[in-house]
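Text of the file data_5.txt, holding compact mmCIF, C-alpha atoms:
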```txt
# COMPACT_ATOMS: atom_id res chain seq x y z
CA MET A 1471 -13.40 -21.15 -86.79
CA ASP A 1472 -13.15 -17.44 -86.07
CA PHE A 1473 -11.36 -17.32 -82.76
CA ALA A 1474 -11.30 -13.54 -82.76
CA LEU A 1475 -15.08 -13.45 -82.89
CA ILE A 1476 -15.34 -15.99 -80.09
CA PHE A 1477 -13.00 -13.99 -77.83
CA GLN A 1478 -14.96 -10.86 -78.61
CA GLN A 1479 -18.21 -12.55 -77.55
CA LEU A 1480 -16.61 -13.89 -74.38
CA ALA A 1481 -15.35 -10.43 -73.50
CA ARG A 1482 -18.87 -9.09 -73.82
CA VAL A 1483 -20.19 -11.83 -71.55
CA LYS A 1484 -17.47 -11.02 -68.99
CA GLU A 1485 -18.36 -7.34 -69.06
CA ALA A 1486 -22.01 -8.20 -68.57
CA LEU A 1487 -21.22 -10.41 -65.56
CA LEU A 1488 -19.02 -7.76 -64.01
CA GLY A 1489 -21.79 -5.25 -64.51
CA MET A 1490 -24.21 -7.52 -62.65
CA LEU A 1491 -21.71 -7.92 -59.79
CA MET A 1492 -21.64 -4.17 -59.32
CA PHE A 1493 -25.32 -4.37 -58.37
CA LEU A 1494 -25.07 -7.61 -56.37
CA ALA A 1495 -22.00 -6.66 -54.28
CA PRO A 1496 -23.84 -4.31 -51.87
CA LEU A 1497 -26.45 -7.01 -51.27
CA GLY A 1498 -23.66 -9.44 -50.36
CA GLY A 1499 -22.37 -6.95 -47.84
CA ILE A 1500 -25.77 -6.63 -46.22
CA PHE A 1501 -26.39 -10.37 -45.95
CA GLY A 1502 -22.80 -11.07 -44.87
CA ALA A 1503 -22.97 -8.58 -42.02
CA THR A 1504 -25.73 -10.54 -40.28
CA GLU A 1505 -23.34 -13.36 -39.36
CA PRO A 1506 -20.11 -11.99 -37.91
CA ILE A 1507 -16.97 -14.01 -38.25
CA LEU A 1508 -16.05 -16.15 -35.22
CA THR A 1509 -12.54 -15.59 -33.95
CA GLU A 1510 -11.00 -17.89 -31.38
CA VAL A 1511 -8.24 -16.24 -29.39
CA SER A 1512 -5.42 -18.50 -28.37
CA PRO A 1513 -4.52 -18.53 -24.65
CA VAL A 1514 -1.38 -16.83 -23.41
CA VAL A 1515 1.05 -19.51 -22.25
CA GLU A 1516 3.29 -18.58 -19.32
CA THR A 1517 6.55 -20.41 -18.81
CA LYS A 1518 8.42 -20.28 -15.50
CA THR A 1519 11.97 -19.16 -15.96
CA GLY A 1520 13.13 -18.91 -12.37
CA ASP A 1521 12.47 -17.66 -8.83
CA TYR A 1522 13.12 -14.48 -6.96
CA ALA A 1523 13.10 -13.71 -3.26
CA PHE A 1524 13.80 -10.68 -1.09
CA TYR A 1525 14.33 -10.09 2.61
CA ILE A 1526 12.71 -6.97 4.06
CA PHE A 1527 14.48 -5.02 6.79
CA GLU A 1528 13.28 -1.95 8.62
CA ASN A 1529 15.15 0.62 10.69
CA ALA A 1530 13.99 2.67 13.66
CA ALA A 1531 12.63 5.34 11.32
CA LYS A 1532 10.43 2.71 9.65
CA GLU A 1533 12.45 2.93 6.47
CA SER A 1534 12.53 -0.41 4.74
CA VAL A 1535 15.24 -2.01 2.67
CA LYS A 1536 14.83 -5.02 0.41
CA VAL A 1537 17.76 -7.37 0.00
CA GLU A 1538 17.73 -10.05 -2.66
CA THR A 1539 18.22 -13.64 -1.62
CA THR A 1540 17.62 -17.07 -3.08
CA ARG A 1541 14.44 -19.09 -3.03
CA ALA A 1542 16.22 -21.78 -1.04
CA GLU A 1543 17.17 -19.28 1.67
CA TYR A 1544 13.66 -17.86 1.59
CA ASP A 1545 12.12 -21.28 2.12
CA LYS A 1546 14.23 -21.78 5.26
CA LEU A 1547 12.30 -18.90 6.85
CA GLY A 1548 9.22 -21.08 6.89
CA LEU A 1549 10.83 -23.88 8.89
CA ALA A 1550 10.54 -24.31 12.64
CA ASN A 1551 12.76 -22.06 14.73
CA PRO A 1552 14.44 -20.37 11.78
CA THR A 1553 17.50 -18.21 12.01
CA ASN A 1554 16.28 -14.98 10.52
CA PRO A 1555 18.76 -12.81 8.62
CA THR A 1556 20.27 -9.75 10.23
CA MET A 1557 21.50 -6.39 9.01
CA ALA A 1558 23.25 -3.74 11.05
CA GLY A 1559 20.92 -0.94 12.06
CA TYR A 1560 17.87 -2.77 10.81
CA ARG A 1561 15.57 -5.52 12.00
CA PHE A 1562 14.18 -8.28 9.87
CA VAL A 1563 10.44 -7.79 9.34
CA GLY A 1564 9.64 -10.24 6.57
CA ALA A 1565 10.27 -11.46 3.08
CA TYR A 1566 8.53 -12.40 -0.12
CA ALA A 1567 9.12 -14.66 -3.07
CA GLY A 1568 7.73 -15.27 -6.50
CA GLU A 1569 8.41 -16.71 -9.90
CA THR A 1570 9.82 -15.08 -12.97
CA LYS A 1571 7.95 -16.02 -16.11
CA THR A 1572 7.76 -15.34 -19.78
CA ALA A 1573 4.46 -15.11 -21.54
CA SER A 1574 3.89 -16.12 -25.13
CA PRO A 1575 3.39 -12.96 -27.14
CA ARG A 1576 -0.14 -12.28 -28.18
CA VAL A 1577 -0.14 -11.96 -31.95
CA LEU A 1578 -3.17 -10.08 -33.10
CA LYS A 1579 -4.96 -11.70 -35.97
CA ASP A 1580 -7.79 -10.49 -38.14
CA ASN A 1581 -10.76 -9.57 -35.98
CA GLU A 1582 -8.72 -9.51 -32.77
CA TYR A 1583 -8.59 -6.06 -31.31
CA TYR A 1584 -6.74 -5.26 -28.16
CA GLY A 1585 -7.20 -2.69 -25.48
CA ALA A 1586 -9.11 0.46 -24.87
CA GLY A 1587 -8.65 3.26 -27.31
CA LYS A 1588 -8.09 1.13 -30.35
CA ASP A 1589 -10.98 0.94 -32.77
CA ALA A 1590 -12.88 2.95 -30.19
CA ALA A 1591 -15.17 4.35 -32.82
CA SER A 1592 -15.93 1.00 -34.35
CA SER A 1593 -19.44 -0.31 -34.21
CA THR A 1594 -18.67 -3.50 -36.09
CA LEU A 1595 -19.87 -6.60 -34.32
CA ILE A 1596 -17.75 -9.71 -34.28
CA ARG A 1597 -18.07 -13.06 -32.53
CA ILE A 1598 -15.19 -13.79 -30.23
CA LYS A 1599 -14.19 -16.82 -28.17
CA LEU A 1600 -11.68 -16.02 -25.44
CA PRO A 1601 -9.86 -18.84 -23.61
CA GLY A 1602 -11.99 -20.19 -20.80
CA GLU A 1603 -14.97 -18.03 -21.66
CA ALA A 1604 -18.19 -18.55 -23.54
CA GLU A 1605 -18.43 -17.21 -27.04
CA LYS A 1606 -19.82 -13.72 -27.20
CA THR A 1607 -20.65 -11.07 -29.70
CA ALA A 1608 -19.10 -7.74 -29.03
CA GLN A 1609 -18.03 -4.54 -30.61
CA LYS A 1610 -14.45 -4.52 -31.67
CA SER A 1611 -13.62 -1.78 -29.23
CA SER A 1612 -15.08 -3.56 -26.20
CA ILE A 1613 -13.65 -7.02 -26.55
CA PHE A 1614 -10.65 -6.74 -24.27
CA GLN A 1615 -11.71 -3.87 -22.09
CA MET B 55 -24.15 -32.08 79.21
CA LYS B 56 -22.54 -32.28 75.88
CA LYS B 57 -21.06 -35.71 75.49
CA THR B 58 -20.44 -36.26 71.85
CA LEU B 59 -18.67 -34.31 69.24
CA LEU B 60 -19.48 -35.08 65.67
CA SER B 61 -17.54 -33.46 63.02
CA LEU B 62 -18.76 -33.52 59.44
CA ALA B 63 -16.94 -32.40 56.40
CA PHE B 64 -18.55 -31.44 53.13
CA PHE B 65 -16.64 -31.18 49.95
CA LEU B 66 -18.09 -28.42 47.89
CA THR B 67 -18.10 -29.19 44.21
CA PRO B 68 -16.11 -26.55 42.37
CA PHE B 69 -18.06 -24.95 39.55
CA ALA B 70 -16.55 -24.31 36.14
CA ALA B 71 -16.11 -20.81 34.78
CA PHE B 72 -14.78 -19.62 31.48
CA ALA B 73 -12.02 -17.12 31.09
CA ALA B 74 -12.28 -15.05 27.97
CA PRO B 75 -9.11 -15.12 25.90
CA SER B 76 -7.01 -12.02 26.19
CA VAL B 77 -4.51 -10.41 23.85
CA ILE B 78 -0.85 -10.82 24.73
CA GLY B 79 2.13 -9.01 23.29
CA THR B 80 1.85 -6.52 20.45
CA PRO B 81 -0.53 -7.22 17.57
CA LEU B 82 1.07 -6.63 14.20
CA ALA B 83 -0.45 -5.05 11.09
CA THR B 84 1.52 -5.24 7.91
CA LYS B 85 1.15 -5.03 4.15
CA ASP B 86 3.14 -5.21 0.96
CA THR B 87 2.76 -4.54 -2.73
CA ALA B 88 5.66 -6.54 -4.09
CA ALA B 89 4.65 -9.17 -6.64
CA ALA B 90 4.77 -12.42 -4.71
CA THR B 91 3.34 -15.90 -4.40
CA SER B 92 4.64 -16.34 -0.86
CA TRP B 93 4.85 -13.77 1.94
CA THR B 94 6.79 -14.13 5.17
CA ILE B 95 6.18 -11.99 8.26
CA ALA B 96 8.30 -12.02 11.41
CA TYR B 97 6.08 -12.03 14.50
CA THR B 98 6.90 -12.13 18.20
CA VAL B 99 4.72 -14.16 20.55
CA ALA B 100 4.96 -12.84 24.11
CA ASN B 101 5.97 -15.30 26.79
CA THR B 102 2.87 -14.63 28.83
CA GLY B 103 0.12 -16.82 30.24
CA GLU B 104 -0.97 -20.25 29.11
CA ASN B 105 -3.10 -21.82 26.40
CA ARG B 106 -1.74 -19.48 23.81
CA ALA B 107 -2.83 -19.28 20.20
CA VAL B 108 -1.61 -17.24 17.24
CA TYR B 109 -4.15 -15.72 14.89
CA VAL B 110 -3.70 -14.37 11.37
CA THR B 111 -6.40 -12.39 9.56
CA THR B 112 -5.67 -11.74 5.92
CA GLY B 113 -6.56 -8.65 3.97
CA VAL B 114 -6.77 -9.96 0.43
CA ALA B 115 -9.47 -11.73 -1.57
CA THR B 116 -10.11 -14.97 0.28
CA ALA B 117 -9.79 -17.15 -2.80
CA GLN B 118 -6.28 -15.83 -3.30
CA VAL B 119 -4.97 -17.09 0.05
CA THR B 120 -4.19 -20.79 0.01
CA GLY B 121 -2.65 -21.30 3.44
CA ALA B 122 -0.58 -20.02 6.33
CA THR B 123 2.08 -21.45 8.61
CA PHE B 124 3.51 -20.33 11.92
CA ASN B 125 6.99 -21.48 12.87
CA GLY B 126 6.86 -24.20 10.26
CA THR B 127 3.49 -25.63 11.30
CA ALA B 128 0.40 -25.29 9.14
CA MET B 129 -2.20 -23.04 10.72
CA THR B 130 -5.84 -24.08 10.74
CA LEU B 131 -8.23 -22.14 8.57
CA GLU B 132 -10.94 -21.39 11.09
CA ASN B 133 -13.06 -18.89 9.17
CA ASN B 134 -13.37 -17.95 5.54
CA LEU B 135 -15.44 -14.79 5.36
CA THR B 136 -16.08 -13.64 1.83
CA ALA B 137 -16.72 -9.96 1.38
CA SER B 138 -19.62 -8.35 -0.40
CA GLN B 139 -18.06 -4.94 -0.94
CA THR B 140 -14.33 -5.34 -0.54
CA PHE B 141 -11.94 -8.28 -0.27
CA GLY B 142 -12.87 -10.59 2.59
CA THR B 143 -10.69 -12.21 5.19
CA LYS B 144 -9.45 -15.59 6.28
CA PHE B 145 -8.90 -16.33 9.97
CA PHE B 146 -6.08 -18.79 10.59
CA TYR B 147 -5.14 -19.94 14.08
CA LEU B 148 -2.63 -22.21 15.71
CA ALA B 149 -2.56 -23.24 19.35
CA THR B 150 1.06 -23.07 20.34
CA SER B 151 3.39 -23.01 23.29
CA THR B 152 6.06 -21.38 21.16
CA THR B 153 7.15 -17.91 22.16
CA GLY B 154 9.63 -15.44 20.76
CA THR B 155 10.09 -14.19 17.23
CA LYS B 156 9.02 -16.72 14.60
CA ASN B 157 7.73 -16.44 11.07
CA VAL B 158 4.25 -16.52 9.62
CA VAL B 159 4.24 -17.56 5.96
CA ILE B 160 1.17 -16.82 3.84
CA SER B 161 0.79 -18.52 0.47
CA PHE B 162 -1.13 -17.12 -2.48
CA ASP B 163 -2.80 -18.96 -5.31
CA SER B 164 -0.79 -17.00 -7.86
CA GLU B 165 1.28 -13.85 -8.05
CA ARG B 166 -0.37 -11.09 -5.98
CA THR B 167 0.61 -7.45 -5.71
CA SER B 168 -1.54 -6.08 -2.89
CA TYR B 169 -2.01 -7.85 0.43
CA SER B 170 -2.18 -7.19 4.15
CA ALA B 171 -2.47 -9.11 7.39
CA ILE B 172 -3.08 -8.54 11.08
CA ILE B 173 -1.41 -11.00 13.42
CA PHE B 174 -2.08 -11.33 17.14
CA ALA B 175 -1.64 -13.81 19.96
CA LEU B 176 -4.05 -14.77 22.73
CA GLN B 177 -3.75 -16.48 26.05
CA ASP B 178 -6.52 -18.57 27.62
CA ALA B 179 -7.68 -19.42 24.11
CA PHE B 180 -9.69 -22.52 23.37
CA GLN B 181 -7.14 -24.87 21.87
CA SER B 182 -9.25 -26.70 19.29
CA SER B 183 -12.05 -25.38 17.07
CA PRO B 184 -12.07 -22.11 18.99
CA THR B 185 -14.77 -20.29 17.02
CA ASP B 186 -17.98 -19.65 18.93
CA VAL B 187 -20.00 -17.72 16.33
CA THR B 188 -19.28 -15.50 13.34
CA GLY B 189 -21.11 -12.72 11.57
CA GLN B 190 -20.64 -10.18 8.85
CA ALA B 191 -22.35 -7.11 7.44
CA ASN B 192 -21.73 -4.76 4.56
CA THR B 193 -22.74 -1.39 3.25
CA ALA B 194 -22.62 0.06 -0.24
CA GLY B 195 -21.83 3.44 1.26
CA ALA B 196 -21.89 4.73 4.82
CA VAL B 197 -19.72 6.13 7.60
CA ALA B 198 -20.60 3.44 10.14
CA LEU B 199 -21.19 -0.28 10.10
CA SER B 200 -21.92 -2.74 12.86
CA LYS B 201 -23.02 -6.32 13.26
CA GLU B 202 -24.95 -8.03 16.04
CA VAL B 203 -24.08 -11.60 16.86
CA THR B 204 -25.45 -13.81 19.61
CA THR B 205 -22.65 -15.59 21.37
CA VAL B 206 -23.23 -19.12 22.61
CA ALA B 207 -20.23 -19.80 24.82
CA SER B 208 -19.39 -18.12 28.08
CA GLY B 209 -16.22 -16.09 28.23
CA VAL B 210 -15.52 -15.15 24.62
CA LEU B 211 -13.36 -12.61 22.86
CA LEU B 212 -15.02 -10.98 19.88
CA ILE B 213 -12.71 -9.93 17.08
CA THR B 214 -14.27 -7.34 14.77
CA CYS B 215 -12.51 -6.44 11.53
CA LEU B 216 -13.37 -3.63 9.14
CA HIS B 217 -12.50 -3.55 5.46
CA PRO B 218 -13.42 -0.17 4.00
CA SER B 219 -12.88 0.51 0.33
CA ALA B 220 -10.72 3.34 -0.91
CA ALA B 221 -10.58 6.79 0.63
CA SER B 222 -12.01 6.11 4.06
CA THR B 223 -10.38 7.84 7.02
CA ALA B 224 -10.34 7.85 10.81
CA GLU B 225 -11.59 4.31 11.28
CA THR B 226 -12.64 4.00 14.92
CA PRO B 227 -13.93 0.91 16.72
CA ASP B 228 -17.20 1.31 18.58
CA ALA B 229 -17.24 2.05 22.29
CA GLY B 230 -15.85 -0.76 24.40
CA GLN B 231 -13.77 -2.26 21.63
CA THR B 232 -10.00 -2.03 21.77
CA SER B 233 -8.04 -1.67 18.56
CA LEU B 234 -5.77 -4.58 17.71
CA ASN B 235 -4.10 -2.78 14.85
CA GLY B 236 -4.81 -1.61 11.33
CA VAL B 237 -3.48 -1.28 7.83
CA ALA B 238 -4.18 2.12 6.32
CA ASP B 239 -3.96 1.74 2.60
CA ASP B 240 -6.60 2.48 0.03
CA ALA B 241 -6.18 -0.84 -1.73
CA MET B 242 -6.23 -3.11 1.31
CA GLU B 243 -7.45 -1.23 4.37
CA HIS B 244 -7.89 -3.68 7.20
CA TYR B 245 -8.61 -2.89 10.85
CA CYS B 246 -9.33 -5.25 13.73
CA SER B 247 -10.43 -4.70 17.32
CA TYR B 248 -11.56 -6.84 20.23
CA ILE B 249 -13.99 -6.89 23.13
CA SER B 250 -14.66 -9.63 25.66
CA GLN B 251 -18.03 -10.89 26.78
CA ALA B 252 -18.49 -12.96 29.93
CA SER B 253 -21.98 -14.39 29.39
CA PRO B 254 -23.67 -15.64 26.22
CA GLY B 255 -26.02 -13.29 24.47
CA ALA B 256 -26.42 -10.66 21.81
CA ILE B 257 -23.68 -8.12 21.29
CA THR B 258 -23.15 -5.52 18.59
CA THR B 259 -19.73 -4.42 17.44
CA GLY B 260 -18.57 -2.23 14.61
CA TYR B 261 -16.68 0.78 13.36
CA THR B 262 -17.21 4.36 12.32
CA TRP B 263 -15.21 6.40 9.83
CA THR B 264 -15.46 9.77 8.15
CA THR B 265 -15.92 9.37 4.40
CA SER B 266 -18.90 7.47 3.02
CA VAL B 267 -17.53 4.40 1.27
CA PRO B 268 -18.53 0.75 0.78
CA ALA B 269 -17.28 -1.50 3.54
CA ASP B 270 -17.47 -4.94 5.12
CA VAL B 271 -17.39 -5.89 8.80
CA PHE B 272 -16.47 -9.36 10.01
CA VAL B 273 -17.02 -10.63 13.54
CA VAL B 274 -15.51 -13.77 15.02
CA SER B 275 -16.22 -14.87 18.58
CA ILE B 276 -13.35 -16.89 20.07
CA LYS B 277 -14.03 -19.25 22.94
CA GLY B 278 -12.07 -19.16 26.15
CA ILE B 279 -10.93 -22.08 28.22
CA ALA B 280 -12.76 -23.54 31.19
CA VAL B 281 -11.12 -22.67 34.47
CA ALA B 282 -11.98 -23.54 38.06
CA ALA B 283 -13.50 -20.55 39.79
CA SER B 284 -12.01 -21.60 43.10
CA PRO B 285 -10.15 -24.62 44.46
CA PRO B 286 -12.26 -27.39 46.01
CA ALA B 287 -13.26 -26.24 49.46
CA ILE B 288 -13.84 -28.28 52.59
CA ARG B 289 -16.52 -27.20 54.98
CA GLN B 290 -16.47 -28.51 58.45
CA ASP B 291 -19.49 -28.44 60.68
CA THR B 292 -19.42 -29.41 64.26
CA ILE B 293 -22.52 -30.56 66.01
CA PHE B 294 -22.81 -30.91 69.72
CA PHE B 295 -25.56 -32.91 71.25
CA ASP B 296 -26.39 -34.36 74.57
```

Please rewrite the model in this file as structure tokens.
Amino acid sequence: MDFALIFQQLARVKEALLGMLMFLAPLGGIFGATEPILTEVSPVVETKTGDYAFYIFENAAKESVKVETTRAEYDKLGLANPTNPTMAGYRFVGAYAGETKTASPRVLKDNEYYGAGKDAASSTLIRIKLPGEAEKTAQKSSIFQ
Amino acid sequence: MKKTLLSLAFFLTPFAAFAAPSVIGTPLATKDTAAATSWTIAYTVANTGENRAVYVTTGVATAQVTGATFNGTAMTLENNLTASQTFGTKFFYLATSTTGTKNVVISFDSERTSYSAIIFALQDAFQSSPTDVTGQANTAGAVALSKEVTTVASGVLLITCLHPSAASTAETPDAGQTSLNGVADDAMEHYCSYISQASPGAITTGYTWTTSVPADVFVVSIKGIAVAASPPAIRQDTIFFD
């Protein structure tokens, strides 16, 4: 058996197939573009890491000062007949409290585009499914705006 | 000759009247922009009159306010007025005999960074379910806005609050209304005023300002308490006959 002849024939067949693909590839692009890829965006997960609280004092000139306190001390302000904090030259006017949190980083994947200005010139349509929202088709540049 | 003296006494039935609530002490307007889920405000209730009640009107999207307390007691959400143009308001009240400086605590549904409130106290306020009627109006752009409501109860105090959007100036309550207080801030402008009305009927209240902007007006009519117009009187008639 002449293996060299066989390989030569196979090479010709390969070249012929590749030549056909050169003509078929643009058609694949056209048909493929009619059904954009669906991308599901994972939700951002926030994790509480602690609390913060501040007293607010004000002087006669209406200048305010914020003094950090604890959440436990803050919560006492909401009880009946509280003893409000004092500061020389100032009067206690209020307070506020909240939670410190960390958010899971948003890792951009293929077809996820973030923020105004990026891909602004793009007209490519993609299907996107944001957490808690219905799937939609949008331009890359408008998804998160 | 007059021989007999007959003396008759008639007890006149006292008739009920209604005293409109009136503002006591100094209404407070305040705001903050610190990121918070809970906001505490020190407020002083004047030791004046009887049948007192503390009111809180919030200047933040209504869905974002989950509750309010005064001196450790939960306030009642009396009105939840959702805005069309701006951010709406919730009216909380608490009938209380407490006076002096205590704290109002407002809770948010999640971290908020722009909020305001107007707090005031009334005397002669209806102590339970005090709202008579409410109303609201909005404009997509104007320099005046008013709302007509038809009060049902006698002796009411109408509270009218204006929420203009950014860049309005010189907010002025209509004639006859007295300003409670106001928060001047583009992100959470919030003004309230009051006027009393003795007899039920239609009344229009509102505000004017100088720059055409979208705005909402909210009106809440607060009932007064029934009071005796005069103490029971005794009438004595004397008849002489022969």

message: For a quick test of understanding: name the residues of chain A lying within 12 Å of chain B when counting only C-alpha atoms, and present them as number ranges by chain.
response: A: 1521-1528, 1534, 1536, 1541, 1544-1555, 1561-1571

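Closest to Tyr109 in chain B among B:Ala128, B:Leu176, B:Met242, B:Ala196 is B:Leu176, based on all atoms listed in the file.
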
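We find CA of Ala115 in chain B and CA of Lys144 in chain B to be spaced 8.7 Å apart.
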
- prompt: In file coordinates, which residues lie within 8 Å of (-17.7, 5.4, 19.6) using all atoms listed in the file, given as a ChimeraX atom specification?
  reply: /B:226-229,261-262

Rebuild range 1534-1542 of chain A so that it carries all heavy atoms, then output the result as a PDB file, keeping the file's coordinate frame.
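Printed below is result_7.pdb as written:
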```pdb
ATOM      1  N   SER A1534      12.290   0.996   5.054  1.00  0.00           N
ATOM      2  CA  SER A1534      12.530  -0.410   4.740  1.00  0.00           C
ATOM      3  C   SER A1534      13.522  -0.572   3.608  1.00  0.00           C
ATOM      4  O   SER A1534      13.632   0.287   2.725  1.00  0.00           O
ATOM      5  CB  SER A1534      11.218  -1.113   4.391  1.00  0.00           C
ATOM      6  OG  SER A1534      10.692  -0.579   3.208  1.00  0.00           O
ATOM      7  N   VAL A1535      14.238  -1.677   3.687  1.00  0.00           N
ATOM      8  CA  VAL A1535      15.240  -2.010   2.670  1.00  0.00           C
ATOM      9  C   VAL A1535      14.972  -3.444   2.227  1.00  0.00           C
ATOM     10  O   VAL A1535      14.705  -4.319   3.064  1.00  0.00           O
ATOM     11  CB  VAL A1535      16.661  -1.903   3.254  1.00  0.00           C
ATOM     12  CG1 VAL A1535      17.692  -2.424   2.261  1.00  0.00           C
ATOM     13  CG2 VAL A1535      16.976  -0.475   3.635  1.00  0.00           C
ATOM     14  N   LYS A1536      15.027  -3.671   0.935  1.00  0.00           N
ATOM     15  CA  LYS A1536      14.830  -5.020   0.410  1.00  0.00           C
ATOM     16  C   LYS A1536      16.170  -5.563  -0.090  1.00  0.00           C
ATOM     17  O   LYS A1536      16.863  -4.885  -0.848  1.00  0.00           O
ATOM     18  CB  LYS A1536      13.800  -5.010  -0.697  1.00  0.00           C
ATOM     19  CG  LYS A1536      12.421  -4.623  -0.188  1.00  0.00           C
ATOM     20  CD  LYS A1536      11.364  -4.596  -1.253  1.00  0.00           C
ATOM     21  CE  LYS A1536      10.011  -4.246  -0.636  1.00  0.00           C
ATOM     22  NZ  LYS A1536       8.918  -4.178  -1.620  1.00  0.00           N
ATOM     23  N   VAL A1537      16.488  -6.748   0.365  1.00  0.00           N
ATOM     24  CA  VAL A1537      17.760  -7.370   0.000  1.00  0.00           C
ATOM     25  C   VAL A1537      17.471  -8.690  -0.700  1.00  0.00           C
ATOM     26  O   VAL A1537      16.774  -9.549  -0.156  1.00  0.00           O
ATOM     27  CB  VAL A1537      18.618  -7.630   1.267  1.00  0.00           C
ATOM     28  CG1 VAL A1537      19.927  -8.325   0.894  1.00  0.00           C
ATOM     29  CG2 VAL A1537      18.898  -6.319   1.989  1.00  0.00           C
ATOM     30  N   GLU A1538      18.023  -8.839  -1.889  1.00  0.00           N
ATOM     31  CA  GLU A1538      17.730 -10.050  -2.660  1.00  0.00           C
ATOM     32  C   GLU A1538      18.388 -11.269  -2.037  1.00  0.00           C
ATOM     33  O   GLU A1538      19.504 -11.192  -1.499  1.00  0.00           O
ATOM     34  CB  GLU A1538      18.216  -9.880  -4.104  1.00  0.00           C
ATOM     35  CG  GLU A1538      17.762 -11.016  -5.003  1.00  0.00           C
ATOM     36  CD  GLU A1538      17.897 -10.678  -6.481  1.00  0.00           C
ATOM     37  OE1 GLU A1538      18.573  -9.677  -6.794  1.00  0.00           O
ATOM     38  OE2 GLU A1538      17.321 -11.411  -7.303  1.00  0.00           O
ATOM     39  N   THR A1539      17.690 -12.359  -2.100  1.00  0.00           N
ATOM     40  CA  THR A1539      18.220 -13.640  -1.620  1.00  0.00           C
ATOM     41  C   THR A1539      17.805 -14.723  -2.595  1.00  0.00           C
ATOM     42  O   THR A1539      17.321 -14.425  -3.691  1.00  0.00           O
ATOM     43  CB  THR A1539      17.723 -13.928  -0.193  1.00  0.00           C
ATOM     44  OG1 THR A1539      18.325 -15.136   0.274  1.00  0.00           O
ATOM     45  CG2 THR A1539      16.212 -14.062  -0.148  1.00  0.00           C
ATOM     46  N   THR A1540      18.001 -15.960  -2.200  1.00  0.00           N
ATOM     47  CA  THR A1540      17.620 -17.070  -3.080  1.00  0.00           C
ATOM     48  C   THR A1540      16.320 -17.692  -2.580  1.00  0.00           C
ATOM     49  O   THR A1540      15.940 -17.529  -1.421  1.00  0.00           O
ATOM     50  CB  THR A1540      18.698 -18.155  -3.087  1.00  0.00           C
ATOM     51  OG1 THR A1540      18.804 -18.718  -1.767  1.00  0.00           O
ATOM     52  CG2 THR A1540      20.031 -17.585  -3.520  1.00  0.00           C
ATOM     53  N   ARG A1541      15.671 -18.421  -3.436  1.00  0.00           N
ATOM     54  CA  ARG A1541      14.440 -19.090  -3.030  1.00  0.00           C
ATOM     55  C   ARG A1541      14.728 -20.126  -1.942  1.00  0.00           C
ATOM     56  O   ARG A1541      13.926 -20.315  -1.019  1.00  0.00           O
ATOM     57  CB  ARG A1541      13.793 -19.752  -4.239  1.00  0.00           C
ATOM     58  CG  ARG A1541      12.497 -20.484  -3.910  1.00  0.00           C
ATOM     59  CD  ARG A1541      11.405 -19.505  -3.537  1.00  0.00           C
ATOM     60  NE  ARG A1541      10.281 -20.154  -2.869  1.00  0.00           N
ATOM     61  CZ  ARG A1541       8.996 -19.857  -3.096  1.00  0.00           C
ATOM     62  NH1 ARG A1541       8.694 -18.908  -3.962  1.00  0.00           N
ATOM     63  NH2 ARG A1541       8.044 -20.459  -2.447  1.00  0.00           N
ATOM     64  N   ALA A1542      15.859 -20.767  -2.050  1.00  0.00           N
ATOM     65  CA  ALA A1542      16.220 -21.780  -1.040  1.00  0.00           C
ATOM     66  C   ALA A1542      16.371 -21.130   0.335  1.00  0.00           C
ATOM     67  O   ALA A1542      15.892 -21.666   1.341  1.00  0.00           O
ATOM     68  CB  ALA A1542      17.507 -22.481  -1.447  1.00  0.00           C
TER      69      ALA A1542
END
```
